[in-house]
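Coordinates from work14.cif are shown below (mmCIF, C-alpha atoms and all ligand atoms).
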```cif
data_input
loop_
_atom_site.label_atom_id
_atom_site.label_comp_id
_atom_site.auth_asym_id
_atom_site.auth_seq_id
_atom_site.Cartn_x
_atom_site.Cartn_y
_atom_site.Cartn_z
CA MET A 67 4.12 14.04 -51.21
CA ASP A 68 0.90 15.66 -49.94
CA SER A 69 1.82 18.39 -47.42
CA ASN A 70 -0.90 17.02 -45.12
CA HIS A 71 0.79 13.60 -45.08
CA TYR A 72 3.17 12.69 -42.24
CA ASP A 73 5.31 9.73 -41.27
CA LEU A 74 3.71 9.97 -37.84
CA ILE A 75 0.85 11.82 -36.20
CA VAL A 76 0.85 11.91 -32.41
CA VAL A 77 -2.44 12.67 -30.66
CA GLY A 78 -2.00 14.40 -27.28
CA ALA A 79 0.82 16.74 -26.23
CA GLY A 80 1.22 15.66 -22.61
CA VAL A 81 4.66 14.45 -21.63
CA LEU A 82 4.09 11.00 -23.16
CA GLY A 83 2.91 12.28 -26.55
CA THR A 84 5.56 14.99 -26.66
CA PHE A 85 8.40 12.54 -26.02
CA HIS A 86 7.01 10.16 -28.68
CA ALA A 87 7.03 13.08 -31.13
CA TYR A 88 10.53 14.09 -29.97
CA HIS A 89 12.07 10.66 -30.51
CA ALA A 90 10.38 10.18 -33.90
CA ALA A 91 11.65 13.59 -35.06
CA GLU A 92 15.10 12.60 -33.87
CA LEU A 93 14.89 9.68 -36.34
CA ASP A 94 14.15 12.32 -39.00
CA LYS A 95 10.49 11.36 -39.29
CA LYS A 96 8.04 14.00 -40.43
CA VAL A 97 5.82 14.37 -37.35
CA LEU A 98 2.57 16.21 -36.56
CA LEU A 99 1.72 16.55 -32.85
CA LEU A 100 -1.93 17.45 -32.22
CA GLU A 101 -3.29 18.75 -28.91
CA LYS A 102 -6.96 19.40 -28.28
CA ASP A 103 -6.46 22.28 -25.85
CA ALA A 104 -4.83 25.68 -26.39
CA PHE A 105 -2.03 24.27 -24.21
CA PRO A 106 -1.81 20.98 -22.28
CA VAL A 107 -3.60 21.27 -18.93
CA ASN A 108 -3.89 17.70 -17.70
CA ALA A 109 -1.68 15.38 -15.63
CA THR A 110 1.53 16.70 -17.18
CA VAL A 111 1.04 20.16 -15.65
CA ARG A 112 -0.76 19.13 -12.45
CA ASN A 113 1.93 16.97 -10.89
CA PHE A 114 4.87 17.49 -8.51
CA GLY A 115 7.56 17.43 -11.17
CA GLN A 116 9.49 14.80 -9.27
CA ILE A 117 11.76 12.80 -11.59
CA VAL A 118 12.42 9.79 -9.37
CA PRO A 119 13.82 6.66 -11.07
CA SER A 120 14.69 5.46 -7.54
CA GLY A 121 10.97 4.83 -6.98
CA MET A 122 10.50 2.71 -10.12
CA ALA A 123 10.85 -1.04 -10.61
CA ASN A 124 12.42 -3.12 -13.39
CA GLU A 125 12.57 -1.56 -16.86
CA TRP A 126 10.81 1.57 -15.56
CA PHE A 127 13.85 2.30 -13.45
CA GLU A 128 15.93 2.16 -16.66
CA HIS A 129 13.42 4.37 -18.49
CA GLY A 130 13.63 6.82 -15.58
CA VAL A 131 17.43 6.87 -15.64
CA TYR A 132 17.38 7.47 -19.40
CA SER A 133 14.76 10.23 -19.01
CA THR A 134 16.84 11.93 -16.32
CA LYS A 135 19.87 12.03 -18.61
CA LEU A 136 17.70 13.34 -21.44
CA TYR A 137 16.16 16.07 -19.25
CA LYS A 138 19.67 17.10 -18.16
CA LYS A 139 20.94 17.15 -21.75
CA ILE A 140 18.03 19.31 -22.91
CA GLN A 141 18.45 21.59 -19.88
CA SER A 142 22.11 22.12 -20.84
CA GLU A 143 20.87 23.49 -24.21
CA PHE A 144 17.70 25.29 -23.17
CA ASP A 145 16.02 26.09 -19.84
CA ILE A 146 13.16 23.64 -19.42
CA SER A 147 13.12 24.13 -15.59
CA ILE A 148 15.15 21.03 -14.67
CA ARG A 149 17.14 21.27 -11.44
CA GLN A 150 19.46 18.58 -10.08
CA ASN A 151 18.72 18.75 -6.39
CA GLY A 152 18.27 15.05 -5.62
CA SER A 153 15.61 12.90 -4.01
CA ILE A 154 15.43 12.03 -0.32
CA TYR A 155 13.32 9.24 1.18
CA ILE A 156 12.72 9.94 4.88
CA ALA A 157 12.12 6.88 7.07
CA SER A 158 10.01 7.47 10.17
CA ASP A 159 10.12 4.05 11.87
CA ASP A 160 12.12 0.83 12.02
CA ASP A 161 10.26 -0.85 9.14
CA GLU A 162 10.80 2.07 6.78
CA GLN A 163 14.44 2.32 7.89
CA GLN A 164 14.94 -1.36 7.11
CA LEU A 165 13.43 -0.85 3.64
CA ILE A 166 15.70 2.07 2.78
CA HIS A 167 18.72 -0.02 3.81
CA GLU A 168 17.54 -2.83 1.55
CA LEU A 169 16.88 -0.45 -1.36
CA LYS A 170 20.36 1.05 -0.90
CA HIS A 171 21.79 -2.47 -1.25
CA ARG A 172 19.83 -3.04 -4.47
CA MET A 173 20.90 0.33 -5.87
CA ASP A 174 24.56 -0.48 -5.06
CA GLU A 175 24.21 -3.70 -7.08
CA ARG A 176 22.89 -1.65 -10.00
CA GLY A 177 25.65 0.93 -9.66
CA TYR A 178 23.11 3.73 -9.06
CA GLU A 179 24.40 6.40 -6.70
CA ALA A 180 22.59 6.37 -3.35
CA HIS A 181 23.63 7.50 0.14
CA LEU A 182 22.19 6.45 3.47
CA LEU A 183 21.94 9.51 5.69
CA SER A 184 21.72 9.50 9.48
CA LYS A 185 18.98 11.41 11.27
CA ALA A 186 21.49 14.19 12.06
CA GLN A 187 22.58 14.42 8.41
CA CYS A 188 18.96 14.64 7.25
CA LEU A 189 18.10 17.36 9.75
CA ALA A 190 21.21 19.33 8.79
CA LYS A 191 20.43 19.15 5.06
CA TRP A 192 16.65 19.67 5.36
CA PRO A 193 16.22 21.77 8.53
CA ALA A 194 12.44 21.96 8.04
CA LEU A 195 12.18 18.23 8.88
CA LEU A 196 10.94 17.44 12.34
CA SER A 197 13.30 15.48 14.56
CA SER A 198 10.32 13.58 15.98
CA TYR A 199 9.51 12.17 12.49
CA CYS A 200 12.86 11.63 10.84
CA LYS A 201 14.82 8.48 11.72
CA ALA A 202 17.11 8.25 8.68
CA GLY A 203 17.13 8.93 4.95
CA LEU A 204 18.16 7.51 1.58
CA TYR A 205 19.46 10.17 -0.80
CA PHE A 206 19.79 10.02 -4.59
CA PRO A 207 21.92 13.03 -5.58
CA GLN A 208 21.65 12.52 -9.35
CA GLU A 209 17.89 12.89 -9.49
CA VAL A 210 16.18 16.02 -10.76
CA SER A 211 12.95 17.91 -10.48
CA ALA A 212 10.95 20.00 -12.93
CA GLU A 213 8.42 22.79 -12.67
CA PRO A 214 5.34 20.95 -13.91
CA ASN A 215 3.40 24.12 -14.68
CA THR A 216 5.98 25.21 -17.26
CA LEU A 217 8.06 22.20 -18.31
CA ILE A 218 5.86 20.93 -21.12
CA TYR A 219 5.47 24.35 -22.74
CA LYS A 220 9.24 24.86 -22.69
CA LEU A 221 9.84 21.35 -23.97
CA LEU A 222 7.42 21.86 -26.87
CA PHE A 223 9.09 25.18 -27.71
CA TYR A 224 12.54 23.55 -27.63
CA ALA A 225 11.55 20.48 -29.63
CA THR A 226 9.78 22.36 -32.42
CA ARG A 227 12.83 24.57 -32.88
CA LYS A 228 15.32 21.71 -32.67
CA PHE A 229 13.57 19.54 -35.26
CA GLN A 230 12.51 21.06 -38.59
CA THR A 231 10.39 17.96 -39.21
CA LEU A 232 8.25 18.36 -36.08
CA ARG A 233 5.08 20.43 -36.27
CA TYR A 234 3.00 21.09 -33.15
CA GLN A 235 -0.61 22.16 -33.48
CA PRO A 236 -2.67 22.99 -30.36
CA ASN A 237 -6.42 23.72 -30.34
CA THR A 238 -6.94 20.64 -32.48
CA SER A 239 -9.06 17.84 -31.15
CA VAL A 240 -8.82 14.57 -33.05
CA TRP A 241 -12.33 13.25 -33.63
CA GLY A 242 -11.65 10.46 -36.11
CA CYS A 243 -8.81 8.01 -36.67
CA GLU A 244 -9.11 5.12 -39.14
CA VAL A 245 -6.91 2.97 -41.32
CA ILE A 246 -7.62 3.50 -45.01
CA LYS A 247 -5.55 1.28 -47.29
CA ASP A 248 -1.89 1.96 -46.44
CA ASN A 249 -2.49 5.14 -44.45
CA VAL A 250 -4.19 6.37 -41.35
CA LYS A 251 -6.73 9.16 -41.83
CA ILE A 252 -7.17 11.69 -39.04
CA THR A 253 -10.10 14.10 -38.88
CA THR A 254 -10.17 17.04 -36.49
CA ASN A 255 -12.76 19.27 -34.84
CA LYS A 256 -11.94 21.90 -37.46
CA GLY A 257 -12.84 19.51 -40.28
CA ASP A 258 -9.21 19.19 -41.36
CA ILE A 259 -7.96 15.88 -42.66
CA TYR A 260 -4.41 14.60 -42.26
CA THR A 261 -2.92 11.29 -43.27
CA SER A 262 0.12 9.43 -41.99
CA ASP A 263 1.91 6.10 -42.11
CA LYS A 264 1.43 5.70 -38.37
CA VAL A 265 -0.57 7.30 -35.57
CA ILE A 266 0.28 7.17 -31.87
CA ILE A 267 -2.48 8.06 -29.44
CA CYS A 268 -1.31 9.42 -26.06
CA ASN A 269 -4.68 10.60 -24.81
CA GLY A 270 -3.95 10.55 -21.07
CA HIS A 271 -7.27 10.08 -19.26
CA GLU A 272 -9.49 11.37 -22.12
CA PHE A 273 -11.54 8.35 -23.19
CA SER A 274 -14.74 9.85 -24.57
CA THR A 275 -13.57 10.86 -28.06
CA LEU A 276 -11.55 8.12 -29.77
CA PHE A 277 -11.94 4.32 -29.60
CA THR A 278 -14.46 4.60 -26.78
CA SER A 279 -15.52 0.94 -26.89
CA ILE A 280 -11.92 -0.26 -26.79
CA PHE A 281 -11.26 1.88 -23.73
CA ARG A 282 -14.51 0.88 -22.05
CA ASN A 283 -13.33 -2.74 -22.12
CA SER A 284 -9.68 -2.04 -21.41
CA GLY A 285 -9.69 -2.40 -17.62
CA ILE A 286 -8.17 1.08 -17.32
CA VAL A 287 -8.86 2.90 -14.06
CA VAL A 288 -8.66 6.66 -13.53
CA SER A 289 -7.18 8.07 -10.35
CA LYS A 290 -8.01 11.48 -8.88
CA LEU A 291 -5.29 13.06 -6.75
CA ASN A 292 -5.62 16.02 -4.35
CA MET A 293 -2.75 18.49 -4.53
CA MET A 294 -1.92 21.72 -2.69
CA ARG A 295 0.55 24.56 -3.13
CA THR A 296 1.66 26.80 -0.28
CA ILE A 297 2.50 30.46 -0.50
CA PRO A 298 6.25 31.03 -1.13
CA TYR A 299 8.50 30.16 1.83
CA PRO A 300 12.01 31.32 0.86
CA ASP A 301 13.39 30.48 4.31
CA ILE A 302 12.12 26.88 4.50
CA ASP A 303 14.88 24.47 3.46
CA LEU A 304 13.13 21.62 1.69
CA GLU A 305 15.05 21.33 -1.57
CA GLY A 306 14.68 18.50 -4.05
CA ASN A 307 12.16 15.68 -4.18
CA VAL A 308 11.18 14.95 -0.58
CA LEU A 309 9.46 11.56 -0.19
CA THR A 310 8.35 10.24 3.17
CA GLY A 311 7.44 7.09 5.08
CA LEU A 312 4.19 6.24 3.33
CA THR A 313 5.99 6.59 -0.02
CA ILE A 314 8.56 4.04 1.13
CA ARG A 315 5.59 1.78 1.85
CA ARG A 316 4.04 2.51 -1.58
CA TYR A 317 6.62 2.93 -4.35
CA GLU A 318 7.34 -0.08 -6.57
CA SER A 319 11.11 -0.04 -6.14
CA PHE A 320 10.56 -1.20 -2.55
CA TYR A 321 8.36 -4.19 -3.51
CA ASP A 322 11.39 -6.42 -4.15
CA CYS A 323 13.08 -5.56 -0.88
CA PRO A 324 13.23 -8.74 1.27
CA SER A 325 11.34 -7.15 4.18
CA TYR A 326 8.60 -5.53 2.06
CA SER A 327 6.09 -8.36 2.36
CA LYS A 328 6.64 -8.63 6.12
CA ILE A 329 5.86 -5.05 7.11
CA SER A 330 2.39 -4.10 8.31
CA THR A 331 0.67 -0.74 8.43
CA PRO A 332 0.69 0.85 11.90
CA ASP A 333 -2.69 1.99 13.24
CA HIS A 334 -1.91 5.71 12.96
CA LEU A 335 -1.43 5.35 9.18
CA GLN A 336 -4.68 3.47 8.49
CA GLU A 337 -6.78 6.57 7.84
CA LEU A 338 -4.18 7.89 5.40
CA LYS A 339 -4.05 4.57 3.59
CA LYS A 340 -7.84 4.63 3.22
CA TRP A 341 -7.46 7.68 0.93
CA GLY A 342 -4.31 6.35 -0.74
CA ILE A 343 -2.34 9.18 0.83
CA HIS A 344 1.42 9.38 0.87
CA ILE A 345 3.08 12.70 1.58
CA LEU A 346 5.49 14.23 -0.91
CA PHE A 347 6.97 17.72 -0.93
CA LYS A 348 8.44 19.59 -3.88
CA LYS A 349 9.74 23.09 -3.36
CA ALA A 350 9.20 25.06 -6.56
CA ILE A 351 11.48 27.68 -8.07
CA ASP A 352 9.20 30.43 -6.69
CA ASN A 353 9.72 28.97 -3.17
CA SER A 354 6.17 27.69 -2.88
CA ILE A 355 5.90 24.07 -1.76
CA ILE A 356 3.73 21.51 -3.54
CA ILE A 357 2.21 19.05 -1.06
CA GLY A 358 0.27 15.91 -1.98
CA ASP A 359 -1.15 13.41 -2.68
CA SER A 360 -4.17 11.13 -2.33
CA HIS A 361 -5.80 8.59 -4.65
CA GLU A 362 -9.47 7.96 -5.42
CA TYR A 363 -10.33 5.56 -8.24
CA ALA A 364 -13.05 5.01 -10.86
CA PRO A 365 -13.34 2.76 -13.91
CA VAL A 366 -12.81 4.42 -17.25
CA ASP A 367 -16.53 4.65 -18.09
CA GLN A 368 -17.40 6.23 -14.72
CA ILE A 369 -14.81 9.01 -14.46
CA GLU A 370 -17.56 11.53 -13.67
CA LYS A 371 -18.10 9.77 -10.34
CA LEU A 372 -14.76 11.13 -9.16
CA GLY A 373 -16.45 14.52 -9.11
CA PHE A 374 -15.15 18.02 -9.65
CA GLU A 375 -14.83 19.05 -6.02
CA LEU A 376 -11.82 18.54 -3.80
CA ASN A 377 -12.76 16.55 -0.75
CA GLN A 378 -11.66 18.89 2.04
CA GLU A 379 -11.48 16.02 4.51
CA ILE A 380 -8.67 14.52 2.41
CA ASN A 381 -6.76 17.81 2.36
CA THR A 382 -7.15 18.11 6.14
CA VAL A 383 -5.81 14.59 6.69
CA MET A 384 -2.88 15.28 4.35
CA LEU A 385 -1.97 18.52 6.08
CA LYS A 386 -2.16 16.83 9.47
CA GLU A 387 0.34 14.21 8.31
CA ALA A 388 2.51 16.87 6.63
CA ALA A 389 2.65 18.71 9.97
CA ARG A 390 4.04 15.53 11.58
CA ILE A 391 6.89 15.57 9.04
CA VAL A 392 7.96 19.18 8.50
CA GLN A 393 7.64 22.44 10.33
CA ILE A 394 6.27 25.27 8.23
CA PRO A 395 5.30 28.13 10.57
CA ASN A 396 1.96 29.76 9.72
CA LEU A 397 1.33 27.33 6.89
CA GLN A 398 -0.85 28.94 4.22
CA ILE A 399 -2.20 27.06 1.22
CA ALA A 400 -2.32 29.33 -1.83
CA SER A 401 -4.12 26.89 -4.13
CA SER A 402 -5.34 23.33 -4.38
CA TRP A 403 -6.37 21.26 -7.37
CA ALA A 404 -7.25 17.80 -8.56
CA GLY A 405 -5.01 15.88 -10.93
CA PHE A 406 -6.15 12.81 -12.85
CA TYR A 407 -4.18 10.04 -14.45
CA ALA A 408 -5.05 6.74 -16.07
CA GLN A 409 -3.53 3.46 -14.99
CA HIS A 410 -4.12 -0.27 -15.38
CA PRO A 411 -4.23 -2.66 -12.40
CA ASP A 412 -2.13 -5.31 -14.18
CA LYS A 413 -0.08 -3.37 -16.74
CA ASP A 414 2.60 -0.72 -16.36
CA VAL A 415 1.29 1.04 -19.47
CA VAL A 416 -1.50 0.25 -21.94
CA GLU A 417 -0.30 -0.58 -25.47
CA ILE A 418 -2.96 -1.39 -28.08
CA ASP A 419 -1.97 -1.73 -31.75
CA ILE A 420 -4.58 -1.56 -34.51
CA GLU A 421 -3.55 -3.02 -37.89
CA ASN A 422 0.04 -2.14 -37.03
CA LYS A 423 -0.75 1.48 -37.94
CA ILE A 424 -2.59 2.96 -34.98
CA HIS A 425 -0.74 2.60 -31.69
CA ILE A 426 -2.46 3.53 -28.45
CA ARG A 427 0.01 4.32 -25.66
CA THR A 428 -1.64 5.51 -22.47
CA ALA A 429 -2.30 4.78 -18.78
CA ILE A 430 1.31 5.25 -17.72
CA GLY A 431 0.00 5.96 -14.22
CA GLY A 432 1.93 7.97 -11.67
CA LYS A 433 5.32 7.56 -13.33
CA GLY A 434 4.92 9.59 -16.52
CA MET A 435 7.11 12.58 -15.67
CA THR A 436 9.89 10.24 -14.59
CA SER A 437 9.83 7.63 -17.30
CA SER A 438 8.15 8.97 -20.47
CA GLY A 439 11.43 10.13 -22.05
CA GLY A 440 12.93 6.64 -21.87
CA TYR A 441 9.76 4.65 -22.48
CA ALA A 442 8.81 6.72 -25.56
CA LYS A 443 12.24 6.11 -27.11
CA LYS A 444 11.75 2.34 -26.84
CA SER A 445 8.16 2.62 -28.02
CA ILE A 446 9.13 4.63 -31.15
CA GLN A 447 11.84 2.10 -32.01
CA GLN A 448 9.37 -0.79 -31.73
CA ILE A 449 6.65 0.98 -33.71
CA PHE A 450 8.91 1.91 -36.63
CA GLU A 451 10.71 -1.45 -36.64
CA SER A 452 7.38 -3.30 -36.94
CA ARG A 453 6.42 -1.97 -40.37
C1 LIG B 1 -1.37 15.00 -9.14
C2 LIG B 1 -0.36 14.20 -9.91
C3 LIG B 1 0.95 14.10 -9.43
C4 LIG B 1 1.90 13.39 -10.16
N1 LIG B 1 3.22 13.44 -9.77
C5 LIG B 1 4.16 12.88 -10.57
C6 LIG B 1 5.54 13.04 -10.28
O1 LIG B 1 5.92 13.78 -9.38
N2 LIG B 1 6.44 12.34 -11.03
C7 LIG B 1 6.04 11.54 -12.07
O2 LIG B 1 6.90 10.90 -12.67
N3 LIG B 1 4.75 11.46 -12.42
C8 LIG B 1 3.81 12.10 -11.72
N4 LIG B 1 2.50 12.02 -12.07
C9 LIG B 1 2.14 11.25 -13.26
C10 LIG B 1 2.36 12.07 -14.54
O3 LIG B 1 1.92 13.39 -14.38
C11 LIG B 1 1.58 11.39 -15.67
O4 LIG B 1 2.00 10.03 -15.75
C12 LIG B 1 1.86 12.01 -17.02
O5 LIG B 1 1.73 13.41 -16.97
C13 LIG B 1 0.91 11.44 -18.08
O6 LIG B 1 1.21 12.05 -19.30
P1 LIG B 1 0.28 11.78 -20.55
O7 LIG B 1 0.91 12.52 -21.69
O8 LIG B 1 0.03 10.32 -20.71
O9 LIG B 1 -1.15 12.40 -20.16
P2 LIG B 1 -1.70 13.90 -20.10
O10 LIG B 1 -0.76 14.81 -19.42
O11 LIG B 1 -3.08 13.78 -19.57
O12 LIG B 1 -1.76 14.35 -21.62
C14 LIG B 1 -2.68 13.83 -22.54
C15 LIG B 1 -2.98 14.94 -23.56
O13 LIG B 1 -3.74 14.40 -24.63
C16 LIG B 1 -4.65 15.39 -25.05
N5 LIG B 1 -5.73 14.71 -25.78
C17 LIG B 1 -6.53 13.70 -25.31
N6 LIG B 1 -7.39 13.32 -26.28
C18 LIG B 1 -7.12 14.09 -27.37
C19 LIG B 1 -7.68 14.18 -28.68
N7 LIG B 1 -8.68 13.37 -29.08
N8 LIG B 1 -7.18 15.07 -29.57
C20 LIG B 1 -6.14 15.88 -29.20
N9 LIG B 1 -5.59 15.87 -27.96
C21 LIG B 1 -6.07 14.97 -27.07
C22 LIG B 1 -5.09 16.04 -23.74
O14 LIG B 1 -5.67 17.32 -23.94
C23 LIG B 1 -3.79 16.06 -22.95
O15 LIG B 1 -3.10 17.30 -23.10
C24 LIG B 1 1.53 12.72 -11.35
C25 LIG B 1 0.21 12.81 -11.82
C26 LIG B 1 -0.72 13.56 -11.12
C27 LIG B 1 -2.11 13.68 -11.67
#
```
Will you turn the file into structure tokens for me?
Ligand SMILES: Cc1cc2nc3c(=O)[nH]c(=O)nc-3n(C[C@H](O)[C@H](O)[C@H](O)COP(=O)(O)OP(=O)(O)OC[C@H]3O[C@@H](n4cnc5c(N)ncnc54)[C@H](O)[C@@H]3O)c2cc1C
Amino acid sequence: MDSNHYDLIVVGAGVLGTFHAYHAAELDKKVLLLEKDAFPVNATVRNFGQIVPSGMANEWFEHGVYSTKLYKKIQSEFDISIRQNGSIYIASDDDEQQLIHELKHRMDERGYEAHLLSKAQCLAKWPALLSSYCKAGLYFPQEVSAEPNTLIYKLLFYATRKFQTLRYQPNTSVWGCEVIKDNVKITTNKGDIYTSDKVIICNGHEFSTLFTSIFRNSGIVVSKLNMMRTIPYPDIDLEGNVLTGLTIRRYESFYDCPSYSKISTPDHLQELKKWGIHILFKKAIDNSIIIGDSHEYAPVDQIEKLGFELNQEINTVMLKEAARIVQIPNLQIASSWAGFYAQHPDKDVVEIDIENKIHIRTAIGGKGMTSSGGYAKKSIQQIFESR
């Protein structure tokens, strides 16, 4: 067999592409994973690193639970920055408190460990929380977090050493992808040609290189998120994934709670909702605290309109809300950045199959760190079963 021929070529080494490559290699497929940049720098490294199945609905909850187990298994073999320090949803008013009670009931039915915490218990466990904000909490002790700025590099290192059949090649932009007879032909920016039985395209929010007309008509929307990182605060106790009232009002797992459709948005939250803001905190290993996020949207063919600048008004509004939730004396922001991800208004993920050989898998939205490990396993099974 030609040494440039693979069972599978995966385009894009974000978390979604990397887990597709991982699961295919686990089935003993010969896999080539191509990444356009020297190292991935998009959504997969710009996020919080919160692995929160508790926030997901339906099969995405299951994908998240599977991913969590997989992250833990890999961490037991090699340090990929996974820490099991749980997720806490902090309710700030009666409506949010009602929703966490209802989600607890649903999680009990599923057999997924969850604990309702009183205000006093929350304040004892997370002393940085303000008593004036916190009414009660819902805690998921099994959940984990990652360091987004290192996880993918460690995961790629681990996977390429674990699987002899997996080759990772950065600095390689895929410019052409077409079915020729029984194979798919890939051409790169370097003029190299590779062939494979199957290609999976996990291009994140990059829509200007491959299949541009398909993407232009796909209905995909790109979201820009403002993020901030504080200087290190070793003495601030804010461990784990800390999710707050607006997240309870936003995350899909709450949609099926009986009271969800009855709650309204109080006046003081309207300005935050305008920018799609919900406040999350993730304390990193270096003791800095990631704070976010907001959401601005543009259709796939108008991504440029989202701009390159961070709207400072959004950051100010976010920090004002963060100050209502936690007390961080002399808060100093060390850096801020924009993250972008693709999503579809009506689909949980975009799956487009071309001649049963090229499989586009993108627009996983804001749930990719949590659910890619599980979703990619199912996706690989389906793709290789449908020969
Ligand atoms: C600010 C922010 C916060 C978030 N927080 C969380 C969180 O806490 N928990 C959670 O579960 N999810 C979170 N998410 C969502 C999560 O980060 C994404 O769902 C996930 O990273 C998407 O992974 P991906 O592989 O699809 O895309 P990407 O990470 O964008 O990767 C796509 C890769 O494909 C490469 N590529 C594209 N085109 C080509 C080409 N032609 N040739 C070669 N390479 C190509 C790109 O260079 C890129 O590296 C967040 C996202 C953002 C932006």
Against ligand LIG 1 (chain B), which residues of chain A fall within 6 Å? For each one I want the closest pair of atoms and the distance in Å (one decimal), counting all atoms listed in the file, rows by chain and increasing residue number, as a Markdown table.
```
| residue | atom | partner | partner_atom | distance |
| --- | --- | --- | --- | --- |
| A:Val77 | CA | B:LIG1 | C20 | 5.1 |
| A:Gly78 | CA | B:LIG1 | O13 | 3.2 |
| A:Ala79 | CA | B:LIG1 | C15 | 5.0 |
| A:Gly80 | CA | B:LIG1 | O7 | 3.3 |
| A:Val81 | CA | B:LIG1 | O7 | 4.2 |
| A:Leu82 | CA | B:LIG1 | O7 | 3.8 |
| A:Gly83 | CA | B:LIG1 | O7 | 5.3 |
| A:Leu100 | CA | B:LIG1 | C20 | 5.4 |
| A:Glu101 | CA | B:LIG1 | N9 | 3.8 |
| A:Lys102 | CA | B:LIG1 | C20 | 3.7 |
| A:Asp103 | CA | B:LIG1 | O14 | 5.4 |
| A:Pro106 | CA | B:LIG1 | O15 | 4.0 |
| A:Val107 | CA | B:LIG1 | O15 | 5.8 |
| A:Asn108 | CA | B:LIG1 | O11 | 4.4 |
| A:Ala109 | CA | B:LIG1 | O10 | 3.9 |
| A:Thr110 | CA | B:LIG1 | O5 | 3.3 |
| A:Arg112 | CA | B:LIG1 | C1 | 5.3 |
| A:Asn113 | CA | B:LIG1 | C3 | 3.4 |
| A:Phe114 | CA | B:LIG1 | O1 | 4.0 |
| A:Gly115 | CA | B:LIG1 | O1 | 4.4 |
| A:Gln116 | CA | B:LIG1 | O1 | 3.7 |
| A:Ile117 | CA | B:LIG1 | O2 | 5.3 |
| A:Thr238 | CA | B:LIG1 | C20 | 5.8 |
| A:Ser239 | CA | B:LIG1 | N8 | 3.7 |
| A:Val240 | CA | B:LIG1 | N8 | 3.9 |
| A:Trp241 | CA | B:LIG1 | N7 | 5.8 |
| A:Cys268 | CA | B:LIG1 | O8 | 5.6 |
| A:Asn269 | CA | B:LIG1 | C17 | 3.6 |
| A:Gly270 | CA | B:LIG1 | O9 | 3.5 |
| A:His271 | CA | B:LIG1 | O11 | 5.6 |
| A:Glu272 | CA | B:LIG1 | C17 | 4.9 |
| A:Thr275 | CA | B:LIG1 | N7 | 5.6 |
| A:Leu291 | CA | B:LIG1 | C1 | 5.0 |
| A:Met293 | CA | B:LIG1 | C1 | 5.9 |
| A:Gly405 | CA | B:LIG1 | C27 | 3.7 |
| A:Phe406 | CA | B:LIG1 | C27 | 4.3 |
| A:Tyr407 | CA | B:LIG1 | C27 | 5.0 |
| A:Thr428 | CA | B:LIG1 | O8 | 5.4 |
| A:Ile430 | CA | B:LIG1 | O4 | 5.2 |
| A:Gly431 | CA | B:LIG1 | O4 | 4.8 |
| A:Gly432 | CA | B:LIG1 | C9 | 3.7 |
| A:Lys433 | CA | B:LIG1 | O2 | 3.8 |
| A:Gly434 | CA | B:LIG1 | O4 | 3.1 |
| A:Met435 | CA | B:LIG1 | O2 | 3.4 |
| A:Thr436 | CA | B:LIG1 | O2 | 3.6 |
```
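Using all atoms listed in the file, every residue with an atom at most 8 Å from the point (13.9, 22.4, -15.9) is listed here: Tyr137, Gln141, Asp145, Ile146, Ser147, Ile148, Arg149, Ser211, Ala212, Glu213 and Leu217 of chain A.
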- line: Counting all atoms listed in the file, closest pick from A:Trp341, A:Tyr234, A:Trp403, A:Tyr205 relative to Gly306 of chain A is A:Tyr205
query: Which of these residues is nearest to Gly439 of chain A, using all atoms listed in the file: A:Pro119, A:Pro207, A:Gly285, A:Pro365?
result: A:Pro119
Of the listed residues A:Pro193, A:Asp414, A:Glu92, A:Lys264, that which approaches Lys228 of chain A most closely, counting only C-alpha atoms: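 So, comparing all the options, the nearest one is A:Glu92.
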task: Would you list the residues near (12.9, 9.3, -23.3), meaning any protein, DNA or RNA residue with an atom at most 8 Å from that point in file coordinates, counting only C-alpha atoms, as number ranges by chain?
output: A: 85, 89, 129, 132-133, 136, 437-444
query: Using all atoms listed in the file, which of the listed residues (A:Ile426, A:Leu309, A:Cys323, A:Tyr88) sits closest to Leu276 of chain A?
result: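 Ranking A:Ile426, A:Leu309, A:Cys323, A:Tyr88 by distance to Leu276 of chain A, first place goes to A:Ile426.
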- prompt: Just how far from atom CA of Ala364 of chain A is atom CA of Lys340 of chain A, in Å to one decimal?
  reply: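 Going from atom CA of Lys340 of chain A over to atom CA of Ala364 of chain A, I get 15.0 Å.
Residues in contact with Asp263 of chain A at up to 12 Å, not including ones fewer than 6 positions away on its chain and judged by only C-alpha atoms, are A:Asn70, A:His71, A:Tyr72, A:Asp73, A:Leu74, A:Ile75, A:Val76, A:Lys95, A:Lys96, A:Val97, A:Leu98, A:Glu244, A:Val245, A:Ile246, A:Lys247, A:Asp248, A:Asn249, A:Val250, A:Lys251, A:Ile252, A:Glu421, A:Asn422, A:Lys423, A:Ile424, A:His425, A:Ile449, A:Phe450, A:Arg453.
Separating atom CA of Lys290 of chain A from atom CA of Ser360 of chain A is a distance of 7.6 Å.
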message: So the first atom is atom CA of Ile420 of chain A and the second is atom CA of Cys243 of chain A; what is the distance between them in Å, to one decimal place?
response: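 It comes out at 10.7 Å.
Residue nearest Leu346 of chain A within the list A:Arg427, A:Arg316, A:Lys139, A:His410: A:Arg316 [criterion: smallest interatomic distance, only C-alpha atoms].
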Shell of 7 Å around His181 of chain A, all atoms listed in the file, local chain residues under 2 positions omitted, as a list in words: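 Listing them by chain and then by number gives Glu179, Leu183, Leu204, Tyr205 and Phe206 of chain A.
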